[in-house]
Amino acid sequence: MQTAMTAAVEIINTVKRYGTVTALHGVSLTIADNEFFTLLGPSGCGKTTLLRLIAGFEDVTQGEIRLFGDNIASLEPNHRPVNTVFQHYALFPHMTVLDNVAFGLKMKGVDLATRRARAGTMLEMVHLSAFADRMPGQLSGGQQQRVALARALALAPDPKVLLLDEPLSALDLKLRQAMRVELKQLQEETGITFIFVTHDQEEALTMSDRIAVMSNGRVQQIGTARDIYEAPVNRFVADFIGETNLLEVEVDAVVDGMAQVVLPGGHRIACPSASSAPGRHHLSIRPERVSLAQDADLRAVVERIVYLGTDLQLVTRLDGGVPFTLRLQNAARVHLPEPGATVGLHLEEGAARLLAD
Amino acid sequence: MAGPAAPTAQGEATYARIVRPLLLPSWLVIGILMVLPVCLMAVYSFLTKEFRGGVIWDFTLAAYDQFFVTRGLFGDEPAQIEWTYILIFWRSIWQAAVATGLCLLIGFPTAWFIATRPQDTRGIWLFLITIPYWVNLLIRTVSLKFLIRDTGPLNEALMALGVIDGPLPLVNTNLAVQLGLFYSYLPFMVLPIYAAVERYNFALSEAAADLYASRLATLREIVLPVVRPGLIAGCILVFVPSLGAFLAPDLLGGAKTFMIGSLIDEQFKGSQGNWPFGAAASMILMTLVMAVLMVYARAQAKGGAR
């Protein structure tokens, strides 16, 4: 997919303003054909706005939205070959499940027999054949969710792009986890590009080919789950994705892309750095990439030990009172320090990540 | 909690002791103000008329006979269907239906407009809709007559603009009556539709557009079916009082636009009246209204299958 990829959706310098409020500040990104692409961010970050712009429910203030090369920014939603799974499903309450699924086909002028057969096939795919004649109000949340999915996919392979607006947020945890697997499978089977909006990082990390992390109407970072977790570009991404320790550190000098970083306590380490400016910077250190050791990069006083089952969490304070958390695997031979003890912390190779801001 | 739904012996005892006495006021109101008058009306419709108004307590079907059957001017010809009153009823139904249609045509967009304003300004719009109703219906109807008469502002304006050469004869026409009914009952259309549209989930319209429905198709396939209970309620609230109205037909119409309301009204006025006949006409009107309500109930039950 990475080689010679076809762009399904291109967002080019897109700005969206509501009156004086700017929801999107010049966002640009390219989503490949057949990709499971996730827009991830806290509420109010602009991810849903971006999705609604692609669907056509809102007009772009500036910029372009291209679908397989064509600028669709001025098209009405009913002329855009994209379909949406809504957050609260938006099933038509006065129609049966089958009629809901067949609605798009009806609007496309497909004859009754064909669209009923097609809708039936779609319901089979989401395991709801037995519910074809029910009304949406008679279904559980998970079932409604699947009807919404079947409805949006009923014109496949025609909607080349499926937009999903937090479709799992109204489901309980077990169902949510099951639906993640189903969604991912469905995407692979149908070969349709999925653009998935969520604020749940676990959802994003487990399903996506690539993730765009958004905040304050800007894309902060685009990359695979591994990229954004292991190599966050800034404080927001490092903090938002998983747990991390953010340390304010002094950078002495940058030589050949390697920054000389002074850790709290005075120890020095070398970190890869894109910027060449010495000064105050932030360092992100994932809790699981740190171990207890004599030969230490950092010294800390243990405050609390939290038992998490598979893991143990050590809450500590560094010299200067900065809080620092580490996670140790709950192995048989772990020798645990007592609260109040001073321990040495060893950073694994590449554990420390110097952030751009 | 003991209540009407509690099937236990204790629940039933509580129901008899506490709930029934509490329900008494509503039973009295319904009984005295609704059931009793209707029963009186039904009984009167089977009595014999007295010439100075009032009734004689002799039971007869004369009033209904007078309504439906004619035996010629002197009562000596073979019985035939009397069309006079049936035609008046038919005309009334037609007038009320046109008024209801007009109300629906104007009321739905109005209600939609109000329901889609920002939350804090909707109250103002609803308030504006109700302002004319602070004025007595009689005065409003007379004012409407002044507006549409030959020398009224409407005709004068149209003539000044050169749209028409002479005044449009509006007063004493069916159109005037329909206009009067429309104006009298418009809020009864707007308010229930507003209530329905306000609850409408606009994500449904987005979903329809997303599934390639044009605006018109969205209106036809999604919006109207979903807000249908409001539309039906509005239609009933306009149609039923329009059917029995007598102010608008009396003041705006002429002899040719005589409606049920006026017919009944006349039967109870002065010494020319015929109480049993008026009561019979009322009963027939009520039967018609009941029929309309039953159609509504059936439509509701069908829509309620969701």
# chains A, B, ... in the order shown; residues from 1 in each chain; ligands from 1

call {"tool": "select_by_dssp", "arguments": {"residues": "region 29-221 of chain B", "states": "helix (DSSP H, G or I)", "output": "number ranges by chain"}}
result
B: 29-44, 62-68, 83-115, 119-134, 137-148, 153-160, 174-199, 203-210, 215-221

call {"tool": "residues_around", "arguments": {"residues": "region 277-287 of chain B", "least_positions_apart": "5", "cutoff": "10 Å", "atoms": "only C-alpha atoms", "output": "ChimeraX atom specification"}}
result
/B:38,40-49,61-67,85,89,240,243-244,260-261,263-268,292-293

call {"tool": "residues_around", "arguments": {"residues": "Thr130 (chain B)", "least_positions_apart": "2", "cutoff": "12 Å", "atoms": "only C-alpha atoms", "output": "PyMOL selection string"}}
result
chain B and resi 123-128+132-135+183-191

call {"tool": "atom_distance", "arguments": {"atom1": "CA of Pro93 (chain A)", "atom2": "CA of Val197 (chain A)"}}
result
24.6 Å

call {"tool": "closest_atom_pairs", "arguments": {"of": "chain A", "to": "chain B", "cutoff": "7 Å", "atoms": "only C-alpha atoms", "output": "Markdown table"}}
result
| residue | atom | partner | partner_atom | distance |
| --- | --- | --- | --- | --- |
| A:Phe57 | CA | B:Glu206 | CA | 6.9 |
| A:Pro77 | CA | B:Asp210 | CA | 5.5 |
| A:Asn78 | CA | B:Tyr212 | CA | 3.9 |
| A:His79 | CA | B:Tyr212 | CA | 6.3 |
| A:Asn83 | CA | B:Asp210 | CA | 5.7 |
| A:Thr84 | CA | B:Asp210 | CA | 6.6 |
| A:Ala90 | CA | B:Leu204 | CA | 5.2 |
| A:Leu91 | CA | B:Leu204 | CA | 6.9 |
| A:Phe92 | CA | B:Leu204 | CA | 6.5 |
| A:Pro93 | CA | B:Arg306 | CA | 6.9 |
| A:His94 | CA | B:Arg306 | CA | 6.2 |
| A:Gly104 | CA | B:Leu211 | CA | 4.5 |
| A:Met107 | CA | B:Ala213 | CA | 5.5 |
| A:Lys108 | CA | B:Tyr212 | CA | 6.7 |
| A:Met135 | CA | B:Arg306 | CA | 5.3 |
| A:Gly137 | CA | B:Arg306 | CA | 6.6 |

call {"tool": "write_last_selection", "arguments": {"atoms": "C-alpha atoms", "output": "JSON list (two decimals), in the first residue's frame"}}
result
[["chain", "number", "residue", "atom", "x", "y", "z"],
["A", 57, "PHE", "CA", -22.46, 18.12, 5.83],
["A", 77, "PRO", "CA", -23.56, 15.32, 0.28],
["A", 78, "ASN", "CA", -25.98, 13.32, -1.87],
["A", 79, "HIS", "CA", -23.61, 13.66, -4.83],
["A", 83, "ASN", "CA", -21.04, 6.98, 3.06],
["A", 84, "THR", "CA", -21.15, 7.58, 6.77],
["A", 90, "ALA", "CA", -29.26, 7.85, 12.75],
["A", 91, "LEU", "CA", -31.34, 4.87, 11.63],
["A", 92, "PHE", "CA", -34.69, 5.83, 10.10],
["A", 93, "PRO", "CA", -37.15, 5.04, 12.90],
["A", 94, "HIS", "CA", -40.17, 4.55, 10.64],
["A", 104, "GLY", "CA", -29.36, 4.17, -0.47],
["A", 107, "MET", "CA", -32.33, 6.57, -3.86],
["A", 108, "LYS", "CA", -29.95, 5.35, -6.56],
["A", 135, "MET", "CA", -38.01, -1.66, 13.50],
["A", 137, "GLY", "CA", -36.20, 0.80, 17.98]]

call {"tool": "residues_around", "arguments": {"residues": "region 249-252 of chain A", "least_positions_apart": "3", "cutoff": "7 Å", "atoms": "only C-alpha atoms", "output": "MDAnalysis selection string"}}
result
chainID A and resid 259:263 278:283

call {"tool": "write_last_selection", "arguments": {"atoms": "N, CA and C atoms", "output": "PDB file, in the first residue's frame"}}
result
ATOM      1  N   ALA A 259      21.619  15.088  20.158  1.00  0.00           N
ATOM      2  CA  ALA A 259      21.597  16.145  21.162  1.00  0.00           C
ATOM      3  C   ALA A 259      22.209  15.634  22.458  1.00  0.00           C
ATOM      4  N   GLN A 260      23.001  16.469  23.105  1.00  0.00           N
ATOM      5  CA  GLN A 260      23.537  16.145  24.423  1.00  0.00           C
ATOM      6  C   GLN A 260      22.539  16.649  25.452  1.00  0.00           C
ATOM      7  N   VAL A 261      21.889  15.707  26.157  1.00  0.00           N
ATOM      8  CA  VAL A 261      20.819  16.058  27.071  1.00  0.00           C
ATOM      9  C   VAL A 261      21.292  15.898  28.508  1.00  0.00           C
ATOM     10  N   VAL A 262      21.055  16.925  29.331  1.00  0.00           N
ATOM     11  CA  VAL A 262      21.384  16.839  30.749  1.00  0.00           C
ATOM     12  C   VAL A 262      20.128  16.423  31.506  1.00  0.00           C
ATOM     13  N   LEU A 263      20.158  15.227  32.118  1.00  0.00           N
ATOM     14  CA  LEU A 263      18.997  14.725  32.855  1.00  0.00           C
ATOM     15  C   LEU A 263      18.949  15.361  34.239  1.00  0.00           C
ATOM     16  N   PRO A 278      20.159  24.274  20.913  1.00  0.00           N
ATOM     17  CA  PRO A 278      20.317  23.945  22.326  1.00  0.00           C
ATOM     18  C   PRO A 278      19.322  24.766  23.143  1.00  0.00           C
ATOM     19  N   GLY A 279      19.087  24.376  24.400  1.00  0.00           N
ATOM     20  CA  GLY A 279      18.165  25.108  25.265  1.00  0.00           C
ATOM     21  C   GLY A 279      17.246  24.155  25.990  1.00  0.00           C
ATOM     22  N   ARG A 280      16.130  24.737  26.544  1.00  0.00           N
ATOM     23  CA  ARG A 280      15.168  23.907  27.279  1.00  0.00           C
ATOM     24  C   ARG A 280      14.328  23.095  26.298  1.00  0.00           C
ATOM     25  N   HIS A 281      14.235  21.809  26.559  1.00  0.00           N
ATOM     26  CA  HIS A 281      13.401  20.949  25.722  1.00  0.00           C
ATOM     27  C   HIS A 281      12.688  19.951  26.593  1.00  0.00           C
ATOM     28  N   HIS A 282      11.723  19.227  25.969  1.00  0.00           N
ATOM     29  CA  HIS A 282      11.039  18.173  26.709  1.00  0.00           C
ATOM     30  C   HIS A 282      11.482  16.813  26.228  1.00  0.00           C
ATOM     31  N   LEU A 283      11.595  15.923  27.203  1.00  0.00           N
ATOM     32  CA  LEU A 283      12.021  14.569  26.932  1.00  0.00           C
ATOM     33  C   LEU A 283      10.861  13.658  27.325  1.00  0.00           C
TER      34      LEU A 283
END

call {"tool": "atom_distance", "arguments": {"atom1": "CA of Arg304 (chain A)", "atom2": "CA of Phe240 (chain A)"}}
result
23.5 Å

call {"tool": "select_by_dssp", "arguments": {"residues": "region 17-232 of chain A", "states": "strand (DSSP E)", "output": "PyMOL selection string"}}
result
chain A and resi 17-18+21-32+36-40+62-67+70-71+82-85+161-165+193-198+210-215+218-223

call {"tool": "atom_distance", "arguments": {"atom1": "CA of Cys271 (chain A)", "atom2": "CA of Leu205 (chain A)"}}
result
25.6 Å

call {"tool": "residues_around", "arguments": {"residues": "Thr173 (chain B)", "least_positions_apart": "4", "cutoff": "10 Å", "atoms": "only C-alpha atoms", "output": "number ranges by chain"}}
result
B: 169, 177-179, 249, 252-257

call {"tool": "closest_residue", "arguments": {"among": "B:Ile164, B:Met159, B:Asn274, B:Leu251", "to": "Leu144 (chain B)", "atoms": "only C-alpha atoms"}}
result
B:Leu251

call {"tool": "residues_around", "arguments": {"residues": "Thr61 (chain A)", "least_positions_apart": "5", "cutoff": "9 Å", "atoms": "only C-alpha atoms", "output": "PyMOL selection string"}}
result
chain A and resi 14-18

call {"tool": "residues_around", "arguments": {"residues": "region 108-116 of chain B", "least_positions_apart": "4", "cutoff": "7 Å", "atoms": "only C-alpha atoms", "output": "ChimeraX atom specification"}}
result
/B:104,122,125,190,193-194,197-198

call {"tool": "write_last_selection", "arguments": {"atoms": "C-alpha atoms", "output": "PDB file, in the first residue's frame"}}
result
ATOM      1  CA  LEU B 104     -50.767  22.701   6.408  1.00  0.00           C
ATOM      2  CA  ARG B 122     -37.782  30.085  19.352  1.00  0.00           C
ATOM      3  CA  TRP B 125     -41.316  33.354  17.335  1.00  0.00           C
ATOM      4  CA  VAL B 190     -48.229  25.435  13.698  1.00  0.00           C
ATOM      5  CA  ILE B 193     -45.992  20.530  13.992  1.00  0.00           C
ATOM      6  CA  TYR B 194     -43.469  22.715  15.803  1.00  0.00           C
ATOM      7  CA  VAL B 197     -40.114  19.140  14.288  1.00  0.00           C
ATOM      8  CA  GLU B 198     -38.356  20.282  17.449  1.00  0.00           C
TER       9      GLU B 198
END
